[in-house]
Structures are given as C-alpha cells and as structure tokens.
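Peer 1: So that you have it, the file is entry.cif, and it contains mmCIF, C-alpha atoms:
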```cif
data_run
loop_
_atom_site.label_atom_id
_atom_site.label_comp_id
_atom_site.auth_asym_id
_atom_site.auth_seq_id
_atom_site.Cartn_x
_atom_site.Cartn_y
_atom_site.Cartn_z
CA MET A 1 -11.76 28.30 65.62
CA ALA A 2 -8.44 29.89 64.70
CA ALA A 3 -5.78 27.98 62.79
CA THR A 4 -2.72 28.70 64.89
CA LYS A 5 0.96 27.86 64.58
CA ILE A 6 2.46 26.62 67.83
CA VAL A 7 6.18 25.98 68.12
CA ILE A 8 7.32 23.76 71.00
CA ILE A 9 11.03 24.15 71.75
CA GLY A 10 12.29 21.37 73.96
CA ALA A 11 9.70 18.96 72.58
CA GLY A 12 12.09 16.04 73.04
CA SER A 13 11.62 16.18 76.79
CA SER A 14 9.38 13.36 77.98
CA ASP A 15 8.26 15.60 80.84
CA PHE A 16 7.17 18.38 78.50
CA GLY A 17 6.61 17.35 74.89
CA PRO A 18 3.84 14.72 75.15
CA GLY A 19 1.74 16.80 77.53
CA MET A 20 1.92 19.95 75.41
CA VAL A 21 1.10 18.11 72.19
CA ALA A 22 -1.78 16.29 73.87
CA ASP A 23 -3.17 19.59 75.17
CA VAL A 24 -3.26 20.96 71.62
CA MET A 25 -4.71 17.77 70.15
CA MET A 26 -7.54 17.64 72.70
CA ASN A 27 -8.49 21.32 72.38
CA ASP A 28 -11.31 21.55 69.83
CA SER A 29 -10.79 25.29 69.37
CA LEU A 30 -7.33 24.60 67.91
CA ARG A 31 -8.47 22.25 65.14
CA GLY A 32 -6.59 22.97 61.93
CA SER A 33 -3.57 24.33 63.79
CA THR A 34 0.06 23.41 63.21
CA VAL A 35 2.39 22.13 65.91
CA SER A 36 6.07 22.42 65.09
CA LEU A 37 8.27 20.27 67.33
CA VAL A 38 11.83 21.50 67.93
CA ASP A 39 14.69 19.86 69.80
CA ILE A 40 18.43 19.71 69.24
CA ASP A 41 18.35 16.01 70.18
CA ALA A 42 17.43 14.41 66.85
CA GLU A 43 16.68 10.98 68.32
CA ALA A 44 14.34 12.32 71.01
CA LEU A 45 12.68 14.59 68.45
CA SER A 46 12.06 11.71 66.06
CA LEU A 47 10.45 9.67 68.82
CA MET A 48 8.30 12.62 69.92
CA LYS A 49 7.13 13.14 66.35
CA ALA A 50 6.10 9.48 66.20
CA VAL A 51 4.22 9.85 69.49
CA ALA A 52 2.45 12.95 68.14
CA LYS A 53 1.42 11.13 64.97
CA ARG A 54 0.04 8.28 67.05
CA MET A 55 -1.96 10.75 69.17
CA LYS A 56 -3.31 12.34 66.01
CA SER A 57 -4.35 9.00 64.55
CA GLU A 58 -5.91 7.50 67.68
CA TRP A 59 -7.69 10.65 68.80
CA GLY A 60 -8.89 11.81 65.38
CA SER A 61 -7.14 15.16 65.56
CA ASP A 62 -6.60 17.29 62.46
CA VAL A 63 -3.64 19.18 63.95
CA ARG A 64 -0.70 19.23 61.54
CA ILE A 65 2.62 17.96 62.93
CA GLU A 66 6.07 19.20 61.90
CA ALA A 67 9.49 18.50 63.42
CA THR A 68 12.94 20.02 62.99
CA VAL A 69 16.20 20.34 64.89
CA ASP A 70 16.57 23.88 63.48
CA ARG A 71 14.27 26.34 65.23
CA LYS A 72 14.83 28.92 62.48
CA ARG A 73 12.90 26.64 60.15
CA ALA A 74 10.03 26.35 62.62
CA LEU A 75 9.64 29.94 63.80
CA PRO A 76 8.44 31.77 60.64
CA GLY A 77 4.71 32.35 60.97
CA ALA A 78 4.57 31.18 64.59
CA ASP A 79 1.88 32.64 66.82
CA PHE A 80 3.08 31.03 70.04
CA VAL A 81 6.45 29.64 71.08
CA LEU A 82 6.43 27.30 74.09
CA VAL A 83 9.83 26.79 75.66
CA ALA A 84 11.20 24.24 78.13
CA ILE A 85 14.95 23.86 77.70
CA GLU A 86 17.91 22.96 79.85
CA ALA A 87 21.51 21.84 79.41
CA GLU A 88 22.82 19.03 81.64
CA ARG A 89 20.07 19.80 84.15
CA LEU A 90 20.85 17.39 86.98
CA LYS A 91 24.63 17.53 86.69
CA ARG A 92 24.62 21.33 86.80
CA TRP A 93 22.05 21.44 89.60
CA THR A 94 24.41 19.27 91.65
CA MET A 95 27.23 21.74 90.99
CA ASP A 96 24.97 24.67 91.86
CA TRP A 97 24.31 23.11 95.25
CA LYS A 98 27.87 22.01 96.06
CA ILE A 99 29.79 25.15 95.07
CA PRO A 100 28.22 27.38 97.78
CA LEU A 101 28.81 24.57 100.30
CA LYS A 102 32.55 24.99 99.68
CA HIS A 103 32.18 28.63 100.76
CA GLY A 104 30.20 27.85 103.91
CA LEU A 105 26.64 28.17 102.57
CA ARG A 106 24.35 25.17 102.80
CA GLN A 107 21.40 25.90 100.50
CA PRO A 108 18.17 24.10 101.35
CA PHE A 109 17.20 23.15 97.78
CA GLY A 110 19.10 24.98 95.07
CA GLU A 111 16.98 25.36 91.95
CA ASN A 112 15.25 28.74 91.75
CA GLY A 113 16.40 30.93 94.64
CA GLY A 114 19.63 31.48 96.53
CA PRO A 115 22.99 31.48 94.73
CA ALA A 116 21.93 28.37 92.79
CA GLY A 117 19.02 30.33 91.38
CA PHE A 118 21.51 32.80 89.91
CA ALA A 119 23.59 30.09 88.21
CA HIS A 120 20.58 28.13 87.01
CA GLY A 121 18.89 31.23 85.64
CA ALA A 122 22.04 32.53 83.95
CA ARG A 123 22.60 29.29 82.06
CA ASN A 124 19.03 29.13 80.82
CA ILE A 125 18.81 32.82 79.99
CA ALA A 126 21.91 32.40 77.82
CA LEU A 127 19.93 29.87 75.76
CA VAL A 128 16.72 31.89 75.73
CA MET A 129 18.32 35.09 74.44
CA GLY A 130 19.15 33.30 71.19
CA ILE A 131 15.56 32.14 70.83
CA CYS A 132 14.34 35.70 71.39
CA ASP A 133 16.75 37.03 68.77
CA ASP A 134 15.31 34.60 66.24
CA MET A 135 11.72 35.37 67.24
CA ARG A 136 12.19 39.11 66.70
CA LYS A 137 13.38 38.41 63.17
CA LEU A 138 11.11 35.53 62.18
CA CYS A 139 7.88 35.89 64.18
CA PRO A 140 7.96 39.28 65.93
CA GLU A 141 4.29 39.18 66.97
CA ALA A 142 4.49 35.73 68.56
CA TRP A 143 4.12 35.08 72.27
CA PHE A 144 6.97 33.47 74.20
CA PHE A 145 5.49 31.10 76.82
CA ASN A 146 8.14 30.00 79.28
CA PHE A 147 8.28 26.82 81.35
CA THR A 148 12.03 26.89 82.02
CA ASN A 149 13.05 27.47 85.63
CA PRO A 150 13.56 29.85 87.26
CA VAL A 151 10.28 30.76 85.54
CA PRO A 152 10.06 34.47 86.46
CA ARG A 153 13.72 35.17 85.71
CA VAL A 154 13.63 33.55 82.29
CA ALA A 155 10.28 35.19 81.42
CA LEU A 156 11.55 38.58 82.60
CA ALA A 157 14.70 38.21 80.50
CA ALA A 158 12.66 37.34 77.41
CA TRP A 159 10.37 40.34 77.89
CA LYS A 160 12.79 42.97 79.18
CA TYR A 161 15.93 42.13 77.23
CA GLY A 162 14.75 39.73 74.54
CA GLY A 163 12.13 42.14 73.22
CA VAL A 164 9.27 39.63 72.87
CA LYS A 165 5.83 39.28 74.43
CA ALA A 166 6.41 36.87 77.28
CA ALA A 167 4.58 35.04 80.04
CA GLY A 168 5.64 32.30 82.44
CA PHE A 169 3.72 29.18 83.43
CA CYS A 170 3.95 26.90 86.44
CA HIS A 171 1.56 24.35 87.97
CA GLN A 172 2.61 25.05 91.59
CA ILE A 173 -0.69 26.84 92.33
CA TRP A 174 -2.26 23.37 92.53
CA MET A 175 -0.24 22.70 95.66
CA GLY A 176 -2.56 25.16 97.39
CA PHE A 177 -5.59 23.12 96.35
CA GLU A 178 -3.85 19.97 97.56
CA PHE A 179 -3.22 21.56 100.96
CA VAL A 180 -6.89 22.49 101.33
CA LYS A 181 -7.90 18.98 100.29
CA GLN A 182 -5.52 17.39 102.81
CA LEU A 183 -6.49 19.64 105.70
CA LEU A 184 -10.23 20.05 105.15
CA GLY A 185 -11.16 17.14 102.89
CA ILE A 186 -12.69 19.44 100.28
CA PRO A 187 -12.08 18.35 96.66
CA GLU A 188 -10.22 20.83 94.50
CA GLU A 189 -13.17 21.33 92.17
CA ASP A 190 -15.09 22.86 95.10
CA VAL A 191 -12.28 25.22 96.16
CA ASP A 192 -11.55 28.73 94.89
CA ILE A 193 -8.15 30.23 95.64
CA LYS A 194 -7.03 33.74 94.85
CA ALA A 195 -3.24 33.70 95.14
CA ALA A 196 -0.59 36.24 94.18
CA GLY A 197 3.07 37.02 94.65
CA LEU A 198 6.05 35.58 92.81
CA ASN A 199 6.41 32.19 91.18
CA HIS A 200 7.22 29.53 93.81
CA PHE A 201 6.70 32.32 96.35
CA THR A 202 2.99 32.99 96.01
CA TRP A 203 0.39 33.44 98.76
CA MET A 204 -3.26 32.54 99.29
CA LEU A 205 -5.01 35.89 99.68
CA ASP A 206 -8.47 34.34 99.71
CA VAL A 207 -9.67 30.73 100.04
CA ARG A 208 -13.36 29.87 99.65
CA ARG A 209 -15.63 26.95 99.04
CA LYS A 210 -17.13 27.37 95.58
CA SER A 211 -20.47 25.78 96.41
CA THR A 212 -21.19 28.02 99.39
CA GLY A 213 -18.85 31.00 99.11
CA LYS A 214 -17.69 30.30 102.67
CA ASP A 215 -14.32 31.68 103.75
CA LEU A 216 -12.10 28.65 104.49
CA TYR A 217 -9.26 30.48 106.23
CA PRO A 218 -10.76 30.09 109.76
CA ALA A 219 -11.17 26.35 109.23
CA LEU A 220 -7.59 26.05 107.98
CA ARG A 221 -6.27 27.78 111.10
CA ARG A 222 -8.30 25.56 113.39
CA LYS A 223 -7.31 22.38 111.59
CA LEU A 224 -3.62 23.13 111.69
CA LYS A 225 -3.68 23.27 115.50
CA SER A 226 -4.51 19.57 115.65
CA TRP A 227 -2.64 18.46 112.52
CA PRO A 228 0.49 16.25 112.80
CA ALA A 229 3.42 18.39 113.87
CA ASP A 230 5.73 17.14 111.09
CA TRP A 231 3.47 18.31 108.23
CA GLU A 232 4.99 21.08 106.04
CA LEU A 233 6.91 22.51 108.99
CA LEU A 234 8.22 25.61 107.25
CA THR A 235 4.92 26.41 105.56
CA ARG A 236 2.98 26.30 108.80
CA ASP A 237 5.61 28.33 110.70
CA VAL A 238 5.50 31.03 108.02
CA PHE A 239 1.69 30.95 108.06
CA GLU A 240 1.58 31.37 111.82
CA ALA A 241 4.13 34.19 111.76
CA LEU A 242 2.81 36.17 108.79
CA GLY A 243 -0.89 35.24 108.80
CA VAL A 244 -0.98 34.32 105.11
CA PHE A 245 -0.73 30.77 103.77
CA PRO A 246 2.13 30.25 101.29
CA VAL A 247 1.25 28.09 98.30
CA PRO A 248 4.33 26.27 97.01
CA GLY A 249 5.20 23.85 99.81
CA ASP A 250 8.42 23.66 101.81
CA PRO A 251 10.89 22.59 99.05
CA HIS A 252 10.23 25.72 96.99
CA LEU A 253 9.27 28.12 99.78
CA CYS A 254 12.63 27.61 101.47
CA GLU A 255 14.50 28.99 98.46
CA TYR A 256 13.44 32.58 99.12
CA LEU A 257 13.60 32.98 102.90
CA PRO A 258 16.40 34.41 105.07
CA TRP A 259 15.82 31.96 107.93
CA VAL A 260 16.89 28.64 106.50
CA CYS A 261 20.69 28.70 106.09
CA ASP A 262 22.24 29.68 109.42
CA PRO A 263 25.23 27.31 109.92
CA GLN A 264 24.99 27.58 113.71
CA SER A 265 21.33 26.65 114.26
CA LYS A 266 21.10 24.45 111.14
CA PRO A 267 17.42 25.18 110.43
CA TRP A 268 17.40 22.68 107.57
CA GLU A 269 17.45 19.95 110.19
CA LYS A 270 14.47 21.42 112.05
CA TYR A 271 12.49 21.77 108.83
CA ASN A 272 13.70 18.56 107.15
CA LEU A 273 14.95 20.58 104.19
CA ASN A 274 17.01 18.03 102.34
CA PRO A 275 18.55 18.74 98.93
CA PRO A 276 17.40 16.64 95.97
CA SER A 277 18.71 13.13 96.45
CA PHE A 278 20.79 13.15 93.27
CA VAL A 279 23.21 15.82 94.54
CA HIS A 280 25.01 13.13 96.52
CA SER A 281 24.91 10.55 93.73
CA ARG A 282 28.04 9.48 91.87
CA LYS A 283 26.00 8.10 88.98
CA GLN A 284 25.76 9.76 85.59
CA ILE A 285 22.31 10.99 86.49
CA ASP A 286 21.58 12.94 83.31
CA THR A 287 22.51 9.90 81.22
CA ILE A 288 20.29 7.63 83.30
CA HIS A 289 17.40 10.09 83.08
CA ARG A 290 17.84 10.36 79.31
CA ARG A 291 17.82 6.59 78.87
CA LYS A 292 14.62 6.25 80.86
CA ALA A 293 13.02 9.03 78.81
CA ARG A 294 14.04 7.35 75.55
CA GLU A 295 12.49 4.09 76.67
CA GLU A 296 9.24 5.84 77.59
CA PHE A 297 9.16 7.51 74.19
CA ARG A 298 9.87 4.27 72.34
CA LYS A 299 7.04 2.48 74.09
CA MET A 300 4.59 5.29 73.33
CA ALA A 301 5.75 5.60 69.73
CA SER A 302 5.49 1.85 69.06
CA GLY A 303 2.09 1.41 70.67
CA GLU A 304 3.45 -0.71 73.52
CA ALA A 305 2.48 1.94 76.07
CA SER A 306 -0.96 3.51 76.37
CA LEU A 307 -1.56 7.20 75.69
CA ASP A 308 -4.56 7.32 78.02
CA GLU A 309 -2.73 9.30 80.72
CA TYR A 310 -2.56 12.25 78.33
CA ARG A 311 -6.23 12.28 77.28
CA ASP A 312 -7.25 14.47 80.20
CA GLY A 313 -4.49 16.96 79.51
CA SER A 314 -1.20 17.81 81.16
CA GLY A 315 -2.67 20.12 83.79
CA GLU A 316 -0.50 22.95 82.49
CA LYS A 317 -2.22 26.13 81.34
CA ALA A 318 -0.17 27.37 78.41
CA VAL A 319 -2.36 25.75 75.75
CA PRO A 320 -5.67 26.94 77.29
CA THR A 321 -4.12 30.40 77.47
CA LEU A 322 -2.95 30.49 73.86
CA ALA A 323 -6.30 29.08 72.73
CA ALA A 324 -8.06 31.91 74.57
CA ILE A 325 -5.86 34.48 72.82
CA ALA A 326 -6.32 32.87 69.41
CA ASN A 327 -10.09 32.51 69.80
CA ASN A 328 -10.93 35.52 72.00
CA SER A 329 -12.61 33.19 74.48
CA ASN A 330 -12.26 35.33 77.63
CA SER A 331 -10.65 32.67 79.78
CA TYR A 332 -9.90 33.03 83.49
CA GLN A 333 -6.58 31.55 84.59
CA LEU A 334 -5.56 31.06 88.20
CA ALA A 335 -1.88 31.93 87.90
CA ILE A 336 0.26 33.41 85.13
CA ASN A 337 3.62 35.16 85.41
CA ILE A 338 3.47 38.56 83.72
CA PRO A 339 4.92 42.05 84.28
CA ASN A 340 3.22 43.87 87.13
CA GLU A 341 0.99 46.63 85.75
CA GLY A 342 -0.46 47.65 89.08
CA TYR A 343 -1.93 44.22 89.80
CA ILE A 344 -0.07 44.16 93.13
CA PRO A 345 0.32 47.86 94.03
CA ASN A 346 2.93 47.41 96.75
CA LEU A 347 5.31 45.51 94.47
CA PRO A 348 7.43 47.32 91.85
CA GLN A 349 5.92 48.15 88.48
CA ASN A 350 6.96 45.69 85.73
CA ALA A 351 8.32 43.13 88.19
CA MET A 352 7.46 39.61 86.99
CA VAL A 353 4.59 38.67 89.30
CA GLU A 354 2.30 35.65 89.48
CA VAL A 355 -1.36 36.66 89.51
CA PRO A 356 -4.74 35.44 88.30
CA ALA A 357 -5.53 36.74 84.83
CA MET A 358 -8.16 37.14 82.14
CA VAL A 359 -7.07 36.06 78.69
CA SER A 360 -8.58 37.05 75.35
CA ALA A 361 -7.56 38.36 71.94
CA ILE A 362 -6.15 41.50 73.57
CA GLY A 363 -3.66 39.34 75.43
CA ILE A 364 -3.09 38.44 79.08
CA ARG A 365 -4.40 40.93 81.60
CA GLY A 366 -3.71 40.33 85.27
CA LEU A 367 -6.48 40.89 87.79
CA PRO A 368 -5.83 43.52 90.46
CA VAL A 369 -5.50 41.67 93.76
CA GLY A 370 -4.61 44.62 95.98
CA ASN A 371 -1.64 44.98 98.28
CA LEU A 372 0.06 41.97 99.75
CA PRO A 373 0.38 42.01 103.55
CA GLU A 374 3.39 44.23 104.18
CA PRO A 375 5.73 41.57 105.66
CA VAL A 376 5.03 39.35 102.67
CA ALA A 377 5.46 42.27 100.27
CA GLU A 378 8.85 43.09 101.77
CA LEU A 379 10.04 39.51 101.32
CA CYS A 380 8.86 39.65 97.70
CA ARG A 381 10.50 43.03 97.09
CA ARG A 382 13.87 41.65 98.14
CA GLN A 383 13.48 38.77 95.70
CA ILE A 384 12.42 41.17 92.96
CA ALA A 385 15.58 43.23 93.53
CA VAL A 386 17.73 40.11 93.36
CA THR A 387 15.88 38.93 90.24
CA GLU A 388 16.33 42.24 88.43
CA LEU A 389 20.08 42.17 89.05
CA ALA A 390 20.43 38.49 88.17
CA VAL A 391 18.50 38.91 84.93
CA LYS A 392 20.48 42.00 83.95
CA ALA A 393 23.69 40.08 84.55
CA ALA A 394 22.55 37.01 82.63
CA ALA A 395 21.14 38.94 79.67
CA THR A 396 24.05 41.37 79.26
CA GLY A 397 27.08 39.60 80.75
CA ASP A 398 27.45 42.25 83.45
CA LYS A 399 29.66 40.70 86.16
CA THR A 400 29.10 43.60 88.53
CA ALA A 401 25.35 43.01 88.41
CA ALA A 402 26.03 39.32 88.97
CA LEU A 403 28.00 40.06 92.14
CA HIS A 404 25.28 42.43 93.34
CA ALA A 405 22.63 39.77 92.74
CA LEU A 406 24.56 37.28 94.86
CA VAL A 407 25.44 39.57 97.77
CA MET A 408 21.86 40.91 97.86
CA ASP A 409 20.46 37.40 98.18
CA PRO A 410 19.08 36.79 101.69
CA MET A 411 21.03 33.53 101.96
CA VAL A 412 24.42 35.21 101.46
CA THR A 413 25.62 36.84 104.67
CA ASP A 414 29.25 37.57 103.77
CA LEU A 415 30.70 39.62 100.90
CA ARG A 416 33.67 37.29 100.44
CA MET A 417 31.28 34.37 100.26
CA GLY A 418 29.37 36.08 97.46
CA ARG A 419 32.54 36.85 95.51
CA GLY A 420 33.89 33.34 95.92
CA ILE A 421 30.67 31.69 94.82
CA LEU A 422 30.47 33.92 91.74
CA GLU A 423 34.07 33.20 90.74
CA ASP A 424 33.53 29.46 91.03
CA TYR A 425 30.21 29.56 89.16
CA LEU A 426 31.74 31.51 86.26
CA LYS A 427 34.75 29.18 86.14
CA LEU A 428 32.99 25.83 86.48
CA HIS A 429 29.91 26.71 84.38
CA GLY A 430 31.89 28.80 81.90
CA ASP A 431 31.10 26.54 78.97
CA LEU A 432 27.38 27.32 79.41
CA LEU A 433 27.79 31.02 80.27
CA PRO A 434 29.11 32.59 77.07
CA GLN A 435 27.60 35.96 77.95
CA PHE A 436 30.29 36.51 80.58
CA ARG A 437 33.19 36.03 78.15
CA PRO A 438 34.46 39.52 77.26
CA THR A 439 34.90 38.74 73.56
CA ARG A 440 31.33 37.45 73.31
CA ARG A 441 29.58 40.15 75.30
CA ARG A 442 27.22 42.50 73.55
CA ALA A 443 24.84 45.12 74.82
CA ARG A 444 21.11 44.49 74.86
CA LYS A 445 18.55 47.22 74.91
CA LYS A 446 16.39 47.05 78.01
CA ARG A 447 12.64 47.44 77.71
CA ASN A 448 11.43 50.35 79.83
#
```
Would you mind giving the structure from this file in structure tokens?
Peer 2:
Amino acid sequence: MAATKIVIIGAGSSDFGPGMVADVMMNDSLRGSTVSLVDIDAEALSLMKAVAKRMKSEWGSDVRIEATVDRKRALPGADFVLVAIEAERLKRWTMDWKIPLKHGLRQPFGENGGPAGFAHGARNIALVMGICDDMRKLCPEAWFFNFTNPVPRVALAAWKYGGVKAAGFCHQIWMGFEFVKQLLGIPEEDVDIKAAGLNHFTWMLDVRRKSTGKDLYPALRRKLKSWPADWELLTRDVFEALGVFPVPGDPHLCEYLPWVCDPQSKPWEKYNLNPPSFVHSRKQIDTIHRRKAREEFRKMASGEASLDEYRDGSGEKAVPTLAAIANNSNSYQLAINIPNEGYIPNLPQNAMVEVPAMVSAIGIRGLPVGNLPEPVAELCRRQIAVTELAVKAAATGDKTAALHALVMDPMVTDLRMGRGILEDYLKLHGDLLPQFRPTRRRARKKRN
C-alpha cells in the first residue's frame, strides 16, 4: 500500500466531492493516504469536510482529511490532482445555447460540441490553466485527472499547454452496457465492450458475452428491428448507416454530427432532441441548485442522511486508476481519455482519444484497438481538428484560432454566423474569458 496525497479541486460540489472521497475511503490500497479538499466556496467546503470526517469515522478509514480554500496550500507534495470545476454552470449553459439561436443556429444540446462546446471549454480552460501553473511549481510530477466538461478539451489543454501529465475521465461508457441490458436482457457484469473514439463520441468496436465469449453484435442488430421505433432514434439511425453502435446516447451523440441542425428540415423534431429544460427557465437556476446541494450536504454532515449510497463507490474510475499507479497493480480500465500514441492509427497522433487502458506504476497506457471504420474515423477527425483549434484559442487567447474553431464546426454552415457567435460569446462571457483580453494575454509553450 502506498501512502498517497490526493488533492480534490471542486470538492464542494455535491455531485463530485462525496463520491470521490468515498472512493478513496473504501479503497484498501490507499490506507494511510491524505485527501486534501479544495473549493473556493468556504461554506460548501466546510460541509464537505464534515461529511468526509463522518465517512472516516463510520467506515473505519485511516485516510487523513485536509481542507482549504487556497489550492496553493494543498498542492505541495500532491501525487494526484482531481478536478471538477465550473463557474455559473447552468446560467452560462443557457447563454451558450441561446446566443447561436440569435444567429440562426439551433443547437440540439449545447454542452460539449457545437459552438456551445467552444464557449464552455474556453471558460473552463481559463480556470484550469491557473491550476496547471501552480502544479508545475508545487507538484510537477503529479497527475492531473480531469472531470470538467468538455472532458477531452480540458484534458488536452492541461497536457498540451499546461505542461502536466493529464488524463480525462467520464462514466458515459456505461451507457453502452445499459443499451445491451435493455436490448438483450444481459446484465452488465456479463458483458464485455471494447469501445474507442472520442469522449461522448465513442463507438462499440466489439461486444461480447463474458461467460461465453459470444459476439453480441448480430443479436443487437436483430433486436433493433423489432424494438419500439421511438427508442434512441439518432443512435439507431447512425448505427444502421455506419454499422457501428455509438455509445453515448442521443443527447451527447447529437453534439458532434452534421445532420442535426438544418433549419429547414428541423431534424431535432424528428429525433426528439430537446435542449436541457433549464434553458427556458426564468428561475435563478444556479442559486436553486446550490441551495439543494447545501441541504444535501447539511443532512449528510449532521447524520440526518445516510451515507450508504456511497459505500459501493461512485462508479467513476479516477480513484481506481490512481490507486493502480500508486500501487503498481496492473489495472484494466474500460475508458480513459489520453493522448493518442498509435492506439487508434487512423486518428491523429496526440489527439485526446478515449480508449481502454492498462494502468500501473509506469502510468496509463492505452490499448491498441486498430483503425476505426473510415466513416466514423472521418467524423472523429473533424472533431479533433475543431478541438485542437478551440483548445489553442482557449489556452493562448488566440481569437483567430477561436474563429477557425467555430467555422470548422459541422454545425456552423455560414461564415457570418461563426463570426457573430464568436463576437457575442466574447462579449457576454467576457468576465470569465480573461485570456482573450489583450492586456492579459500571454504566450504558452505548446507540448510537441
């Protein structure tokens, strides 16, 4: 067992903090480790620290708990830095969706792809670059494990421009297991999926029953022919057209495709692609969400609410991954976002890809999965090109790269539209995009 220092930035989030702390507490190979909780919200942080202490007491863990609003106090000596941060998430998401609408573009979802993916990523990368600066000074050998969306863009920025070892984590792979369970009635523990591609745009390359080794793709195709016609309409259309089953489900899949935004045919109606409900709300949604989170924390901290839901773990794979690195335990992980080192040969080298991986003391090594089917690879290559430009823009404040990222996006079909959306994003989100202010811009050295 290795005594490890784990810093959790964004620990005051009720969606992130309790699960990550529980994962560490319940992992026997991390006994004796230190968890340092960091959040700029002092009230949320104090409540999360109380929850962590309760977990430690009730579960008999010997993990040491620290908490600070100043990440510079937490980072020295860190081995792993887990990050899930966001500023005014729901308010800004609403703006991301509505601004393109003003210019004639109706995005289907608006979180990770399309013009909204640019704005969302740029805001979060602005925050992450500061964390990376501090890590290089205070814990240069530490891993940066990213949960912040858009996962591949933020992870790529941390690795390529932030100069730290970085990987991205997302639980969306489990949607593939859920699909197999729904269609074939096979429990997820008896299913093996080999999937690869990009985060929220990954593809089942092989699906088998663990107990028999039987290929399940033929059964999936047969079952879909008799399945209710309104089930995952976009997913099944893409499957039928390209021959490969996409993993993430319609709400995420739609963010990366060129066939979902035509104002004449209105494909969002055909596919039931509705934006998140809060984009039409006049309520102070971030405030409401924060109040609910505080109440959840208070109940857990006081003992009024049970902690049992966390005993089986969060389902996220960052802690198993860091434990495998710390303890050289040779762990297989289904999906991690890392730079492409030939794992998918027909995607660009060093693109941030999502692949299965082996994890040990030497780090995270993706498993070669071979070429993606060429139509799928071409769709991924376009997203990689957009991502590279968007990340360059967000990390360096390059407005030309920002414009290129927007006009290259498959959803944007008019140059004036791209320019107008960019101008409005930079104006309306300017308070959270300091990298685009000329007096604040500074060059960053890109990793080759």
Peer 1: So how far away is atom CA of A:Ile85 from atom CA of A:Phe169, in Å?
Peer 2: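 We find that atom CA of A:Phe169 and atom CA of A:Ile85 lie 13.7 Å from each other.
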Peer 1: Measuring between only C-alpha atoms, which one of A:Trp93, A:Ala394, A:Asp237, A:Pro339 shows the shortest distance to A:Pro152?
Peer 2: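 Of A:Trp93, A:Ala394, A:Asp237, A:Pro339, the one nearest A:Pro152, counting only C-alpha atoms, is A:Pro339.
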Peer 1: Using the chain letters and numbers from this file, what does the PyMOL selection byres ((chain A and resi 402) around 9) select? Give the answer as a list in words.
Peer 2: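 Written out, the selection comes to Phe118, Leu389, Ala390, Val391, Lys392, Ala393, Ala394, Gly397, Asp398, Lys399, Thr400, Ala401, Leu403, His404, Ala405, Leu406, Val407 and Leu422 of chain A.
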Peer 1: Counting all atoms listed in the file, which residues sit no farther than 12 Å from the position (7.0, 14.7, 109.6) in the file's frame? I'd like them as a list of chain:residue names.
Peer 2: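 Output: A:Trp227, A:Pro228, A:Ala229, A:Asp230, A:Trp231, A:Glu232, A:Leu233, A:Leu234, A:Asp250, A:Glu269, A:Lys270, A:Tyr271, A:Asn272, A:Leu273.
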Peer 1: Between A:Gly130, A:Gly363, A:Pro246, A:Gly315, single out the one closest to A:Gln435, counting only C-alpha atoms.
Peer 2: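 Using only C-alpha atoms, the shortest distance to A:Gln435 belongs to A:Gly130.
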Peer 1: Written as a PyMOL selection string, which residues does the PyMOL selection byres ((chain A and resi 301) around 9) give for the file shown?
Peer 2: chain A and resi 47-54+296-300+302-305
Peer 1: Looking at only C-alpha atoms, which of A:Lys181, A:Lys427, A:Lys56, A:Arg382 is the one that sits closest to A:Gly113?
Peer 2: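 Going through A:Lys181, A:Lys427, A:Lys56, A:Arg382 one by one, the smallest distance to A:Gly113 is for A:Arg382.
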Peer 1: Choose the residue, out of A:Asn346, A:Thr387, A:Ser61, A:Gln182, that has the smallest atom-to-atom separation from A:Asn199; count only C-alpha atoms.
Peer 2: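 Going through A:Asn346, A:Thr387, A:Ser61, A:Gln182 one by one, the smallest distance to A:Asn199 is for A:Thr387.
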Peer 1: Produce a table with one row for each residue of stretch 319-389 of chain A that has an atom at most 8 Å from any atom of stretch 14-30 of chain A, each row naming the nearest atom pair and its distance in Å at one decimal; use only C-alpha atoms; arrange rows by chain and rising residue number; format as CSV.
Peer 2:
```
residue,atom,partner,partner_atom,distance
A:Val319,CA,A:Asp23,CA,6.2
A:Pro320,CA,A:Asn27,CA,8.0
A:Ala323,CA,A:Leu30,CA,6.7
A:Asn327,CA,A:Ser29,CA,7.3
```
Peer 1: To one decimal place, how far is atom CA of A:Lys165 from atom CA of A:Gly77 in Å?
Peer 2: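 That distance, rounded to one decimal, is 15.2 Å.
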Peer 1: Please identify all polymer residues within 10 Å of A:Ile384, counting all atoms listed in the file, omitting same-chain residues fewer than 2 positions from it, and present them as a ChimeraX atom specification.
Peer 2: /A:152-153,198,347-348,351-353,378-382,386-390
Peer 1: Counting all atoms listed in the file, what is within 8 Å of A:Cys261, bar same-chain residues fewer than 2 positions away, as a ChimeraX atom specification?
Peer 2: /A:105-108,258-259,263,266-268,411
